[in-house]
$ cat upload.cif   # mmCIF, C-alpha atoms, pLDDT in the B column; chains and numbers go by the auth columns
data_model
loop_
_atom_site.group_PDB
_atom_site.id
_atom_site.type_symbol
_atom_site.label_atom_id
_atom_site.label_comp_id
_atom_site.label_asym_id
_atom_site.label_seq_id
_atom_site.Cartn_x
_atom_site.Cartn_y
_atom_site.Cartn_z
_atom_site.B_iso_or_equiv
_atom_site.auth_seq_id
_atom_site.auth_asym_id
ATOM 1 C CA MET A 1 -14.350 34.227 -28.677 56.00 38 A
ATOM 2 C CA GLY A 2 -11.111 34.615 -26.624 70.00 39 A
ATOM 3 C CA VAL A 3 -13.056 34.812 -23.335 65.00 40 A
ATOM 4 C CA GLN A 4 -14.869 31.528 -24.076 67.00 41 A
ATOM 5 C CA LYS A 5 -11.558 29.751 -24.670 68.00 42 A
ATOM 6 C CA ILE A 6 -10.198 31.103 -21.386 69.00 43 A
ATOM 7 C CA VAL A 7 -13.284 29.906 -19.493 63.00 44 A
ATOM 8 C CA LEU A 8 -13.113 26.445 -21.082 63.00 45 A
ATOM 9 C CA LEU A 9 -9.414 26.139 -20.397 63.00 46 A
ATOM 10 C CA SER A 10 -9.943 27.294 -16.790 67.00 47 A
ATOM 11 C CA ILE A 11 -12.561 24.598 -16.244 65.00 48 A
ATOM 12 C CA PHE A 12 -10.226 21.997 -17.722 63.00 49 A
ATOM 13 C CA VAL A 13 -7.377 23.170 -15.480 59.00 50 A
ATOM 14 C CA MET A 14 -9.545 23.051 -12.346 59.00 51 A
ATOM 15 C CA PHE A 15 -10.668 19.502 -13.208 57.00 52 A
ATOM 16 C CA ASN A 16 -7.049 18.338 -13.518 55.00 53 A
ATOM 17 C CA VAL A 17 -5.842 20.191 -10.428 52.00 54 A
ATOM 18 C CA PHE A 18 -8.462 18.558 -8.244 51.00 55 A
ATOM 19 C CA SER A 19 -7.959 15.047 -9.604 49.00 56 A
ATOM 20 C CA LEU A 20 -7.295 12.813 -6.617 53.00 57 A
ATOM 21 C CA VAL A 21 -5.427 9.593 -6.034 58.00 58 A
ATOM 22 C CA SER A 22 -6.755 7.295 -3.348 74.00 59 A
ATOM 23 C CA CYS A 23 -4.309 5.619 -0.967 86.00 60 A
ATOM 24 C CA THR A 24 -5.114 3.032 1.671 90.00 61 A
ATOM 25 C CA GLU A 25 -3.492 2.317 5.006 93.00 62 A
ATOM 26 C CA PHE A 26 -3.587 -1.385 5.887 95.00 63 A
ATOM 27 C CA GLU A 27 -3.002 -2.915 9.301 95.00 64 A
ATOM 28 C CA ALA A 28 -0.505 -5.776 8.907 94.00 65 A
ATOM 29 C CA GLY A 29 -2.254 -9.040 9.641 89.00 66 A
ATOM 30 C CA GLY A 30 -5.692 -7.439 9.801 88.00 67 A
ATOM 31 C CA GLU A 31 -7.472 -7.821 13.143 85.00 68 A
ATOM 32 C CA ASN A 32 -4.626 -9.874 14.634 81.00 69 A
ATOM 33 C CA GLY A 33 -1.932 -7.261 14.062 91.00 70 A
ATOM 34 C CA TRP A 34 1.798 -8.031 13.865 95.00 71 A
ATOM 35 C CA THR A 35 1.963 -10.958 16.317 94.00 72 A
ATOM 36 C CA ILE A 36 3.547 -14.400 16.501 93.00 73 A
ATOM 37 C CA PRO A 37 1.247 -17.025 14.968 91.00 74 A
ATOM 38 C CA GLN A 38 -0.251 -19.042 17.844 87.00 75 A
ATOM 39 C CA SER A 39 -0.014 -22.460 16.177 83.00 76 A
ATOM 40 C CA SER A 40 1.906 -24.185 13.403 79.00 77 A
ATOM 41 C CA ASN A 41 -1.169 -24.243 11.155 80.00 78 A
ATOM 42 C CA GLN A 42 -1.139 -20.409 11.233 81.00 79 A
ATOM 43 C CA SER A 43 2.523 -20.087 10.242 83.00 80 A
ATOM 44 C CA ASP A 44 1.591 -18.555 6.871 90.00 81 A
ATOM 45 C CA MET A 45 -1.150 -16.254 8.214 93.00 82 A
ATOM 46 C CA PHE A 46 0.549 -12.994 7.178 95.00 83 A
ATOM 47 C CA ASN A 47 1.070 -14.105 3.577 95.00 84 A
ATOM 48 C CA GLN A 48 -2.520 -15.367 3.461 93.00 85 A
ATOM 49 C CA TRP A 49 -3.695 -11.961 4.714 94.00 86 A
ATOM 50 C CA ALA A 50 -1.493 -10.138 2.178 95.00 87 A
ATOM 51 C CA SER A 51 -2.765 -12.303 -0.691 94.00 88 A
ATOM 52 C CA LYS A 52 -6.349 -11.222 0.079 93.00 89 A
ATOM 53 C CA ASN A 53 -5.487 -7.537 -0.390 94.00 90 A
ATOM 54 C CA ARG A 54 -4.516 -5.443 -3.373 93.00 91 A
ATOM 55 C CA PHE A 55 -1.636 -3.070 -2.647 95.00 92 A
ATOM 56 C CA LYS A 56 -0.660 -0.168 -4.866 94.00 93 A
ATOM 57 C CA VAL A 57 2.092 2.440 -4.857 94.00 94 A
ATOM 58 C CA GLY A 58 1.354 5.069 -2.198 93.00 95 A
ATOM 59 C CA ASP A 59 -0.473 2.699 0.166 95.00 96 A
ATOM 60 C CA THR A 60 0.907 2.227 3.669 96.00 97 A
ATOM 61 C CA ILE A 61 1.183 -0.741 6.022 96.00 98 A
ATOM 62 C CA ARG A 62 0.754 -0.131 9.764 96.00 99 A
ATOM 63 C CA PHE A 63 2.492 -2.624 12.022 96.00 100 A
ATOM 64 C CA LYS A 64 1.063 -2.645 15.560 93.00 101 A
ATOM 65 C CA TYR A 65 2.961 -4.729 18.101 93.00 102 A
ATOM 66 C CA LYS A 66 4.210 -4.890 21.685 90.00 103 A
ATOM 67 C CA LYS A 67 7.788 -5.850 22.611 91.00 104 A
ATOM 68 C CA ASP A 68 8.606 -6.741 19.020 95.00 105 A
ATOM 69 C CA SER A 69 9.981 -5.136 15.861 96.00 106 A
ATOM 70 C CA VAL A 70 9.607 -5.115 12.101 97.00 107 A
ATOM 71 C CA LEU A 71 12.389 -5.274 9.523 97.00 108 A
ATOM 72 C CA VAL A 72 12.310 -4.770 5.777 97.00 109 A
ATOM 73 C CA VAL A 73 14.746 -7.249 4.245 97.00 110 A
ATOM 74 C CA THR A 74 15.833 -8.842 0.970 97.00 111 A
ATOM 75 C CA GLU A 75 14.272 -12.030 -0.407 97.00 112 A
ATOM 76 C CA ASP A 76 17.266 -14.104 0.681 96.00 113 A
ATOM 77 C CA GLU A 77 17.177 -12.651 4.214 96.00 114 A
ATOM 78 C CA TYR A 78 13.433 -13.351 4.329 97.00 115 A
ATOM 79 C CA LYS A 79 13.978 -17.018 3.439 96.00 116 A
ATOM 80 C CA LYS A 80 16.752 -17.374 6.055 95.00 117 A
ATOM 81 C CA CYS A 81 14.836 -15.370 8.719 95.00 118 A
ATOM 82 C CA GLN A 82 17.950 -13.371 9.502 90.00 119 A
ATOM 83 C CA THR A 83 19.658 -10.170 8.487 87.00 120 A
ATOM 84 C CA THR A 84 22.632 -8.075 9.480 88.00 121 A
ATOM 85 C CA LYS A 85 21.699 -4.999 7.441 91.00 122 A
ATOM 86 C CA PRO A 86 17.920 -4.568 7.114 95.00 123 A
ATOM 87 C CA LYS A 87 16.615 -1.914 4.736 94.00 124 A
ATOM 88 C CA LEU A 88 14.444 -0.706 7.635 93.00 125 A
ATOM 89 C CA TYR A 89 14.402 -1.551 11.345 94.00 126 A
ATOM 90 C CA SER A 90 11.741 -0.272 13.729 95.00 127 A
ATOM 91 C CA ASN A 91 10.749 -1.243 17.267 93.00 128 A
ATOM 92 C CA HIS A 92 8.429 1.656 18.181 87.00 129 A
ATOM 93 C CA ASP A 93 5.235 -0.437 18.804 85.00 130 A
ATOM 94 C CA ASP A 94 3.517 1.324 15.893 89.00 131 A
ATOM 95 C CA THR A 95 5.360 1.466 12.576 94.00 132 A
ATOM 96 C CA VAL A 96 3.943 2.807 9.300 95.00 133 A
ATOM 97 C CA PHE A 97 5.732 1.766 6.107 96.00 134 A
ATOM 98 C CA LYS A 98 4.969 3.425 2.761 96.00 135 A
ATOM 99 C CA LEU A 99 4.874 1.217 -0.323 96.00 136 A
ATOM 100 C CA ASP A 100 6.793 3.564 -2.620 94.00 137 A
ATOM 101 C CA ARG A 101 7.324 1.372 -5.673 95.00 138 A
ATOM 102 C CA PRO A 102 5.792 -1.595 -7.483 96.00 139 A
ATOM 103 C CA GLY A 103 7.222 -5.033 -6.733 96.00 140 A
ATOM 104 C CA LEU A 104 7.807 -7.253 -3.719 97.00 141 A
ATOM 105 C CA PHE A 105 8.473 -6.126 -0.138 98.00 142 A
ATOM 106 C CA TYR A 106 9.770 -8.595 2.467 98.00 143 A
ATOM 107 C CA PHE A 107 9.028 -8.091 6.185 97.00 144 A
ATOM 108 C CA ILE A 108 10.218 -10.120 9.175 97.00 145 A
ATOM 109 C CA SER A 109 10.150 -9.768 12.943 96.00 146 A
ATOM 110 C CA GLY A 110 13.496 -8.766 14.420 94.00 147 A
ATOM 111 C CA VAL A 111 12.947 -10.723 17.637 95.00 148 A
ATOM 112 C CA SER A 112 14.878 -13.993 17.744 94.00 149 A
ATOM 113 C CA GLY A 113 12.703 -16.992 16.859 94.00 150 A
ATOM 114 C CA HIS A 114 9.614 -15.007 15.801 95.00 151 A
ATOM 115 C CA CYS A 115 10.290 -15.175 12.051 95.00 152 A
ATOM 116 C CA GLU A 116 10.889 -18.926 12.232 95.00 153 A
ATOM 117 C CA LYS A 117 7.446 -19.259 13.861 94.00 154 A
ATOM 118 C CA GLY A 118 5.842 -17.438 10.916 95.00 155 A
ATOM 119 C CA GLN A 119 6.013 -13.750 11.815 96.00 156 A
ATOM 120 C CA LYS A 120 7.035 -12.721 8.327 97.00 157 A
ATOM 121 C CA MET A 121 5.239 -11.431 5.261 97.00 158 A
ATOM 122 C CA ILE A 122 5.652 -10.744 1.548 98.00 159 A
ATOM 123 C CA ILE A 123 3.647 -7.898 0.032 97.00 160 A
ATOM 124 C CA LYS A 124 3.261 -7.514 -3.723 97.00 161 A
ATOM 125 C CA VAL A 125 2.625 -3.951 -4.888 96.00 162 A
ATOM 126 C CA MET A 126 0.806 -3.781 -8.208 92.00 163 A
ATOM 127 C CA GLU A 127 2.534 -2.271 -11.232 82.00 164 A
ATOM 128 C CA VAL A 128 -0.555 -0.485 -12.535 64.00 165 A
ATOM 129 C CA GLU A 129 -4.022 -0.357 -11.029 52.00 166 A
ATOM 130 C CA SER A 130 -6.271 -2.727 -12.973 53.00 167 A
ATOM 131 C CA PRO A 131 -9.600 -1.572 -14.398 57.00 168 A
ATOM 132 C CA PRO A 132 -12.647 -2.808 -12.480 60.00 169 A
ATOM 133 C CA GLN A 133 -13.670 -6.343 -13.356 62.00 170 A
ATOM 134 C CA SER A 134 -17.196 -7.419 -14.135 57.00 171 A
ATOM 135 C CA PRO A 135 -19.159 -8.737 -11.150 57.00 172 A
ATOM 136 C CA PRO A 136 -18.708 -12.444 -10.380 52.00 173 A
ATOM 137 C CA PRO A 137 -21.524 -14.891 -11.134 51.00 174 A
ATOM 138 C CA SER A 138 -24.199 -15.035 -8.436 46.00 175 A
ATOM 139 C CA SER A 139 -23.000 -18.430 -7.178 39.00 176 A
ATOM 140 C CA SER A 140 -19.646 -16.971 -6.093 36.00 177 A
ATOM 141 C CA LEU A 141 -20.936 -13.762 -4.493 34.00 178 A
ATOM 142 C CA ALA A 142 -20.537 -15.046 -0.914 35.00 179 A
ATOM 143 C CA ALA A 143 -16.922 -16.095 -1.452 33.00 180 A
ATOM 144 C CA SER A 144 -16.151 -12.821 -3.201 32.00 181 A
ATOM 145 C CA SER A 145 -17.490 -10.658 -0.375 31.00 182 A
ATOM 146 C CA THR A 146 -15.309 -12.357 2.256 35.00 183 A
ATOM 147 C CA HIS A 147 -12.262 -12.087 -0.009 37.00 184 A
ATOM 148 C CA LYS A 148 -12.622 -8.310 -0.281 41.00 185 A
ATOM 149 C CA LYS A 149 -12.522 -7.714 3.504 47.00 186 A
ATOM 150 C CA ASN A 150 -9.106 -6.129 3.941 49.00 187 A
ATOM 151 C CA HIS A 151 -9.135 -4.471 7.360 53.00 188 A
ATOM 152 C CA ALA A 152 -7.909 -1.227 5.876 55.00 189 A
ATOM 153 C CA VAL A 153 -7.456 1.341 8.605 56.00 190 A
ATOM 154 C CA ARG A 154 -8.341 4.341 6.470 55.00 191 A
ATOM 155 C CA LYS A 155 -8.308 5.764 2.975 53.00 192 A
ATOM 156 C CA THR A 156 -6.625 9.038 2.177 53.00 193 A
ATOM 157 C CA SER A 157 -6.336 11.156 -0.943 47.00 194 A
ATOM 158 C CA ARG A 158 -3.613 13.293 -2.429 49.00 195 A
ATOM 159 C CA PHE A 159 -3.311 15.619 -5.399 48.00 196 A
ATOM 160 C CA LEU A 160 -1.717 14.419 -8.596 48.00 197 A
ATOM 161 C CA GLY A 161 1.518 16.123 -9.554 52.00 198 A
ATOM 162 C CA ALA A 162 0.363 16.044 -13.169 54.00 199 A
ATOM 163 C CA GLY A 163 -2.148 18.774 -12.314 55.00 200 A
ATOM 164 C CA LEU A 164 0.663 21.313 -11.922 55.00 201 A
ATOM 165 C CA ILE A 165 2.136 20.382 -15.288 60.00 202 A
ATOM 166 C CA THR A 166 -1.303 20.703 -16.885 61.00 203 A
ATOM 167 C CA ILE A 167 -1.747 24.167 -15.344 60.00 204 A
ATOM 168 C CA SER A 168 1.587 25.300 -16.774 62.00 205 A
ATOM 169 C CA ILE A 169 0.824 24.032 -20.267 67.00 206 A
ATOM 170 C CA LEU A 170 -2.674 25.500 -20.279 60.00 207 A
ATOM 171 C CA ALA A 171 -1.469 28.844 -18.908 61.00 208 A
ATOM 172 C CA LEU A 172 0.974 29.094 -21.808 61.00 209 A
ATOM 173 C CA THR A 173 -1.831 28.166 -24.230 65.00 210 A
ATOM 174 C CA VAL A 174 -4.221 30.764 -22.752 60.00 211 A
ATOM 175 C CA PHE A 175 -1.667 33.561 -22.888 62.00 212 A
ATOM 176 C CA SER A 176 -0.746 32.761 -26.484 63.00 213 A
ATOM 177 C CA VAL A 177 -4.491 32.876 -27.430 55.00 214 A
ATOM 178 C CA VAL A 178 -5.186 36.240 -25.758 53.00 215 A
#
$ encode --input "upload.cif" --output "structure tokens"
Amino acid sequence: MGVQKIVLLSIFVMFNVFSLVSCTEFEAGGENGWTIPQSSNQSDMFNQWASKNRFKVGDTIRFKYKKDSVLVVTEDEYKKCQTTKPKLYSNHDDTVFKLDRPGLFYFISGVSGHCEKGQKMIIKVMEVESPPQSPPPSSSLAASSTHKKNHAVRKTSRFLGAGLITISILALTVFSVV
């Protein structure tokens, strides 16, 4: 009877250890990248792109640009299109920013005049991943499929830290049974 408990607990431990969390890397602005909007009717293109995607903690945003920069700023600095102390400043042509918490993130270009022309973006990171919703009615399938196109660069996976805690608890349980 003790051997069966050990086998069952081992299977349970292995299941928890190999539980994965999926993370996505998005390219800011999708196909266009991190560029100055070409016309005034595109001045909100980055926020429109961001609103069509679902961001969660652990996802990353890749900013690809030439002769430009990206800054992470406060809401007030975002509205004014200026900052003296950004939370992050990068001008390396290829910047990856990790979304490490739920809430709002504010991004602007650091090049003079670019933010005022619309090179700025707000990203909302979800508090908790929502359960899958039921499929939309057939009449809205076409609109739904275009909405889900997110230009994600790649998906990655990582191990849950909870697996290690589970192993510890189960190891103590197994040794107290034997």
$ atom_distance --input "upload.cif" --atom1 "CA of Gly67 (chain A)" --atom2 "CA of Asp130 (chain A)"
15.8 Å
$ closest_residue --input "upload.cif" --among "A:Ile145, A:Leu125, A:Phe92, A:Ser106" --to "Glu164 (chain A)" --atoms "all atoms listed in the file"
A:Phe92
$ closest_residue --input "upload.cif" --among "A:Lys154, A:Lys104, A:Gly147, A:Asn69" --to "Thr121 (chain A)" --atoms "all atoms listed in the file"
A:Gly147
$ closest_residue --input "upload.cif" --among "A:Phe100, A:Val148, A:Ser127, A:Pro139" --to "Val162 (chain A)" --atoms "all atoms listed in the file"
A:Pro139
$ atom_distance --input "upload.cif" --atom1 "CA of Gly70 (chain A)" --atom2 "CA of Met158 (chain A)"
12.1 Å
